[in-house]
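Below is one structure, written out as structure tokens; the observations come after it.
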Amino acid sequence: MTSDKVTPDWVRAQKGTEKKLTLLPAYDATFGAFLDQAGIDLILVGDSLGQLVQGHENTLPVTVDDIIYHLRCVRRVVKRGMLIGDMPFLSFQISKEEAVRNAGRLIKEGGAEAVKLEGGVDEADKIQAMTRAGIPVISHIGVQPQSVLLTGQFRASRGKALDDVRKLIEDARAVEKAGAFAVVVEAVPISVGKKITESISIPTLGIGAGPHCDGQVLVTHDLLGLFTAFKPKFAKRYAQLAETIDSALKDFVREVNESSFPDDTHSYHLKDDHLLEEIEKL
Ligand code: KIV
């Protein structure tokens, strides 16, 4: 284990310090290595792989086996960051027993060091059961993509009415009490993100929840400009990789068609002139 390895205690200890935590998803070894080398603290194999890797419309079809497969890919390269496995739709909602069993699979079979699940008050009993079993848990409140069939949308801003805000604070306090070591807060107004952050003693990790959270989350494909079909307001693009990839691929097609690739510098040459003469005679 590296000496600066991220652990739940270290994450908790960052609350109220200058250090802002970072969480990004990775689904394979290439991105896992990029994220770890960049110093991302929490590396999540998120169920967003349903859309970004598997091509589904939402996260609902993702299975525990899918998350385990991608955890194994990322596990081989991540050293410092904490590797977190997302609990897919219906892997934890049914009962405490199912929740512990499936979270345990992400740890034992996938190599996760913690799990994340969507839910507040309603899932507190599962968070408590997992924590008691020795599984560190991050909860995810505010907009919850696994509830897309109920809400009909992914990115509605939560917390615009007073009752919503009360419920969000209740959710945050319930997951803290149940033993979660951090909570992702998705798509709430700045003042609500601030209020939630001040209301609990575990770190808040905001995705569209303003600058007062203890850490920040984005979807890596959004941050890099790889996913361009839809852009939530909070998704700042730090690069335009979709354009770079598109133009590189078109350059390849053009150069192959005009026979300018492969050129001399990208081809192997025989060093032995005699062998060359012999080959020509064949
Ligand atoms: O699945 C995912 O990638 C997530 C993050 C956006 C937090 O849940």
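If you're wondering about the labels, chains in the structure tokens are A, B, ... by order shown, residues count from 1 in each chain, ligands from 1 in order shown.
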Using only C-alpha atoms and all ligand atoms, find each protein or nucleic acid residue lying at most 9 Å from ligand 1; present the set as a compact mmCIF listing (two decimals) with N, CA and C atoms, in the first residue's frame.
```txt
# COMPACT_ATOMS: atom_id res chain seq x y z
N LEU A 23 -13.59 13.41 -6.99
CA LEU A 23 -14.11 12.09 -7.38
C LEU A 23 -14.45 12.11 -8.85
N LEU A 24 -13.92 11.15 -9.60
CA LEU A 24 -14.27 11.00 -11.02
C LEU A 24 -14.47 9.52 -11.33
N PRO A 25 -15.34 9.21 -12.28
CA PRO A 25 -15.48 7.81 -12.69
C PRO A 25 -14.43 7.38 -13.73
N ALA A 26 -14.06 6.09 -13.66
CA ALA A 26 -13.23 5.43 -14.70
C ALA A 26 -13.83 4.05 -14.90
N LEU A 44 -14.27 6.11 -9.14
CA LEU A 44 -15.54 5.37 -9.08
C LEU A 44 -15.78 4.59 -10.36
N VAL A 45 -16.02 3.29 -10.23
CA VAL A 45 -16.59 2.57 -11.37
C VAL A 45 -18.09 2.80 -11.26
N GLY A 46 -18.56 3.83 -11.97
CA GLY A 46 -19.93 4.30 -11.82
C GLY A 46 -20.88 3.54 -12.73
N ASP A 47 -22.17 3.51 -12.34
CA ASP A 47 -23.14 2.86 -13.22
C ASP A 47 -23.43 3.73 -14.44
N SER A 48 -22.81 4.93 -14.52
CA SER A 48 -22.89 5.73 -15.74
C SER A 48 -22.26 4.97 -16.91
N LEU A 49 -21.56 3.87 -16.61
CA LEU A 49 -21.03 3.04 -17.70
C LEU A 49 -22.18 2.46 -18.54
N GLY A 50 -23.39 2.41 -17.97
CA GLY A 50 -24.55 1.95 -18.72
C GLY A 50 -24.72 2.76 -20.00
N THR A 59 -29.07 4.17 -16.65
CA THR A 59 -28.19 3.27 -15.88
C THR A 59 -28.90 1.99 -15.44
N ASP A 86 -19.92 1.28 -7.77
CA ASP A 86 -21.30 1.78 -7.69
C ASP A 86 -22.25 0.59 -7.53
N PRO A 88 -25.49 -1.02 -8.51
CA PRO A 88 -26.47 -0.78 -9.57
C PRO A 88 -27.92 -0.90 -9.09
N LYS A 116 -20.70 2.87 -3.46
CA LYS A 116 -21.58 4.05 -3.45
C LYS A 116 -22.99 3.58 -3.78
N LEU A 117 -23.96 4.13 -3.10
CA LEU A 117 -25.35 3.80 -3.45
C LEU A 117 -26.21 5.06 -3.43
N GLU A 118 -27.24 5.06 -4.28
CA GLU A 118 -28.15 6.20 -4.36
C GLU A 118 -29.20 6.06 -3.27
N HIS A 140 -25.46 8.83 -2.11
CA HIS A 140 -25.64 9.76 -3.25
C HIS A 140 -27.06 10.29 -3.15
N GLN A 144 -31.09 11.53 -8.37
CA GLN A 144 -30.61 10.14 -8.34
C GLN A 144 -30.97 9.48 -9.68
N PRO A 145 -29.96 9.30 -10.55
CA PRO A 145 -30.25 8.79 -11.90
C PRO A 145 -31.00 7.46 -11.92
N VAL A 184 -22.34 12.05 -1.87
CA VAL A 184 -22.41 12.78 -3.14
C VAL A 184 -23.75 13.53 -3.15
N VAL A 185 -23.69 14.82 -3.50
CA VAL A 185 -24.91 15.64 -3.57
C VAL A 185 -25.04 16.12 -5.01
N GLU A 186 -26.11 15.70 -5.70
CA GLU A 186 -26.20 16.00 -7.14
C GLU A 186 -27.28 17.03 -7.45
N LEU A 205 -19.62 15.69 -1.45
CA LEU A 205 -18.94 15.68 -2.76
C LEU A 205 -19.98 16.15 -3.76
N GLY A 206 -19.84 17.38 -4.22
CA GLY A 206 -20.90 17.97 -5.04
C GLY A 206 -20.72 17.71 -6.52
N ILE A 207 -21.83 17.37 -7.17
CA ILE A 207 -21.85 17.34 -8.65
C ILE A 207 -23.00 18.27 -9.03
N VAL A 217 -17.24 16.48 -7.96
CA VAL A 217 -17.43 15.30 -8.79
C VAL A 217 -17.82 15.78 -10.19
N LEU A 218 -17.33 15.16 -11.22
CA LEU A 218 -17.89 15.33 -12.57
C LEU A 218 -17.86 13.95 -13.22
N VAL A 219 -18.55 13.80 -14.33
CA VAL A 219 -18.41 12.58 -15.11
C VAL A 219 -17.20 12.82 -16.04
N THR A 220 -16.24 11.92 -16.01
CA THR A 220 -14.97 12.12 -16.75
C THR A 220 -15.23 12.41 -18.23
```
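For the pair atom CA of Thr131 of chain A and atom CA of Pro211 of chain A, the separation is 28.8 Å.
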Residues of segment 31-134 of chain A in alpha helix (DSSP H), written as a PyMOL selection string: chain A and resi 31-37+49-52+64-75+96-108+124-132
DSSP-assigned strand (DSSP E or B) members of segment 207-261 of chain A, reported as a ChimeraX atom specification: /A:207,215-217
Those residues with N, CA, C and O atoms, as a compact mmCIF listing (two decimals), in the first residue's frame please?
```
# COMPACT_ATOMS: atom_id res chain seq x y z
N ILE A 207 -21.83 17.37 -7.17
CA ILE A 207 -21.85 17.34 -8.65
C ILE A 207 -23.00 18.27 -9.03
O ILE A 207 -24.17 17.93 -8.86
N GLY A 215 -15.90 18.58 -1.62
CA GLY A 215 -15.20 18.03 -2.77
C GLY A 215 -16.05 18.17 -4.01
O GLY A 215 -17.22 18.59 -3.92
N GLN A 216 -15.48 17.86 -5.16
CA GLN A 216 -16.21 18.01 -6.43
C GLN A 216 -16.14 16.73 -7.26
O GLN A 216 -15.13 16.02 -7.26
N VAL A 217 -17.24 16.48 -7.96
CA VAL A 217 -17.43 15.30 -8.79
C VAL A 217 -17.82 15.78 -10.19
O VAL A 217 -18.59 16.73 -10.30
```
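From atom CA of Val11 of chain A back to atom CA of Ala182 of chain A, the distance works out to 7.7 Å.
Between Leu60 of chain A and the candidates A:Ala112, A:Ile169, A:Leu149, A:Ala209, the tightest atom-to-atom separation, counting only C-alpha atoms, involves A:Leu149.
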